[in-house]
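Enquirer: Input: one structure, supplied below.
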Amino acid sequence: MPDNDARQCDLDSLRRWPDVEAPNLFAVDASDRLILDEAAEAVSAAAPGTVVVINDHYGALAIGAAANLGATGVRVFQDGLVGEAALAANARGVTTELTSLPLGEALLSGATVVLLQVPRSLAELAEIAGEVARWADPSVVVFAGGRIKHLSLTMNSVLTKHFGRLDVSLARQKSRVLIAREPLAAESEFPVREYNQELGLWVCAHGAVFAGAKLDLGTRLLLSVLDGALPDAARVPGTVAIDLGCGTGILAASLARSRPGISVIATDQSAAAVASSLATMEANGLGDRVSVVRDDGLKSQPDSSADLIVLNPPFHVGATVHTGLADRLFRDAARVLRPGGELWTVYNSHLAYRPTLQSVIGSTREVVRNNKFTVTSSRRRVPPTAGEVNLSPVASSLER
């Protein structure tokens, strides 16, 4: 086993922090352990710098490979920024053999062993498999595992499009590993680019982005009423709007195009979403109008700095239905909105977020509802005293 500065790690000690933590949410699962066991011999024999980990949830695969199997110079790609932060926190004091890199040549060049948590999205799997086949060493072996309930035969077809040989492990604890060899390199098909006639916009999407290059139903409903969001903002200099959890950037692009006088920020923790939004802005000539930021919520945005925030929040944390992430985004919005600013949110109606929005942001009204989604508008509370100096440009103009 290669000599490095790592020490053995009990994977059960890993945490999800700074992601949502709850008794029914775990940092490591049976598929992590099965991937590590199936790949143990290959990882231990790998030359320095030739082990790559992709889609590691909170660091179990990367830390397991380095600390417990002796891999050195492990390169890691995680789409979510919160996953990167969790990996860094979990690795502290355990191993220094891990480097986070974007999906592409720098991550995969010369790789001989790839450990992969299989994503649920076929498009995401296709992009990852294509990048591995394109850049890794011809001898590369991919150990792609997951919970059986999230695997499908179609995933086998995606992998065999990019690899000449595919083997399947025995099942263990409701998990399985797909082992791919003999890469078939081809040009990347991503990002996908489609022209949406309804929006009059080009939409660009990498594989991990929700809904791909399509317009999802929740965003469509929000767009249908978005002209009513701080309507005077289009004529007030200095107005700032944020597309929180921007995905492909459809909301940000629509705001920038319909309100040319405002500053627009698109932010998402997903590397694929940020790359998709950048491509969408470039495709529509909005690259100089919209700032695209990879961020954990609104962590990098100053207090009381935005007039309008639009949000289509997730209601899953991984594969588990959980509102913790949405609640955290609401709190971020409350901090970043200027008093008098508005948060416009679209969500599945059964989630009944309105009381939470009322409590966290301020006065909340239902704007529109259909048989599946609800759009609400929440106005940030205006402090009764000296807070007027922090009023948004829009709120100030309405008072004059």
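Chain labels A, B, ... are given in the sequence in which chains occur in the structure tokens; within each chain residues are numbered consecutively from 1, and ligands are likewise numbered from 1 in the order shown.
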Mind checking which residues fall within 10 Å of segment 289-292 of chain A, counting only C-alpha atoms, ignoring those fewer than 2 positions away in the same chain, and posting them as JSON, numbers by chain?

Expert: {"A": [241, 242, 243, 246, 249, 252, 253, 255, 256, 257, 260, 261, 262, 263, 264, 265, 266, 267, 268, 273, 274, 275, 276, 277, 278, 281, 282, 285, 286, 287, 294, 295]}

Enquirer: Which of segment 234-314 of chain A end up as strand (DSSP E) when DSSP is run on this backbone - answer as a count of residues only?

Expert: 22

Enquirer: Residues at most 8 Å from segment 151-155 of chain A, counting only C-alpha atoms, excluding those fewer than 4 positions away in the same chain, as a PyMOL selection string?

Expert: chain A and resi 118+120+122+125+146-147+159

Enquirer: I need the residues from that last selection saved to file as a PDB file, in the first residue's frame (with C-alpha atoms), if you can.

Expert:
ATOM      1  CA  VAL A 118     -24.010   6.954  -9.987  1.00  0.00           C
ATOM      2  CA  ARG A 120     -29.933   9.624 -10.774  1.00  0.00           C
ATOM      3  CA  LEU A 122     -29.190   9.804 -17.160  1.00  0.00           C
ATOM      4  CA  LEU A 125     -24.286  10.019 -16.100  1.00  0.00           C
ATOM      5  CA  GLY A 146     -25.461   3.152  -6.105  1.00  0.00           C
ATOM      6  CA  ARG A 147     -28.546   1.961  -4.308  1.00  0.00           C
ATOM      7  CA  LEU A 159     -22.247   3.291 -19.875  1.00  0.00           C
TER       8      LEU A 159
END

Enquirer: Select, from A:Pro138, A:Pro302, A:Gly238, A:Gly247, the residue with the minimum atom-to-atom distance to Cys204 of chain A, counting only C-alpha atoms.

Expert: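 Comparing A:Pro138, A:Pro302, A:Gly238, A:Gly247 against Cys204 of chain A, the winner is A:Gly247.
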
Enquirer: Quick one: residues within 10 Å of Leu103 of chain A, only C-alpha atoms, excluding same-chain residues fewer than 5 positions away - as a VMD selection string?

Expert: chain A and resid 54 76 to 79 108 127 to 128 131 to 132 271 to 272

Enquirer: Using only C-alpha atoms, determine which residues lie at most 12 Å from segment 211-219 of chain A, disregarding the query and same-chain residues fewer than 6 positions distant; provide the list as a PyMOL selection string.

Expert: chain A and resi 121-124+190-205+225-226+243+245-252+254+272-273+276-277+279-280+310-314+344-349+368-375
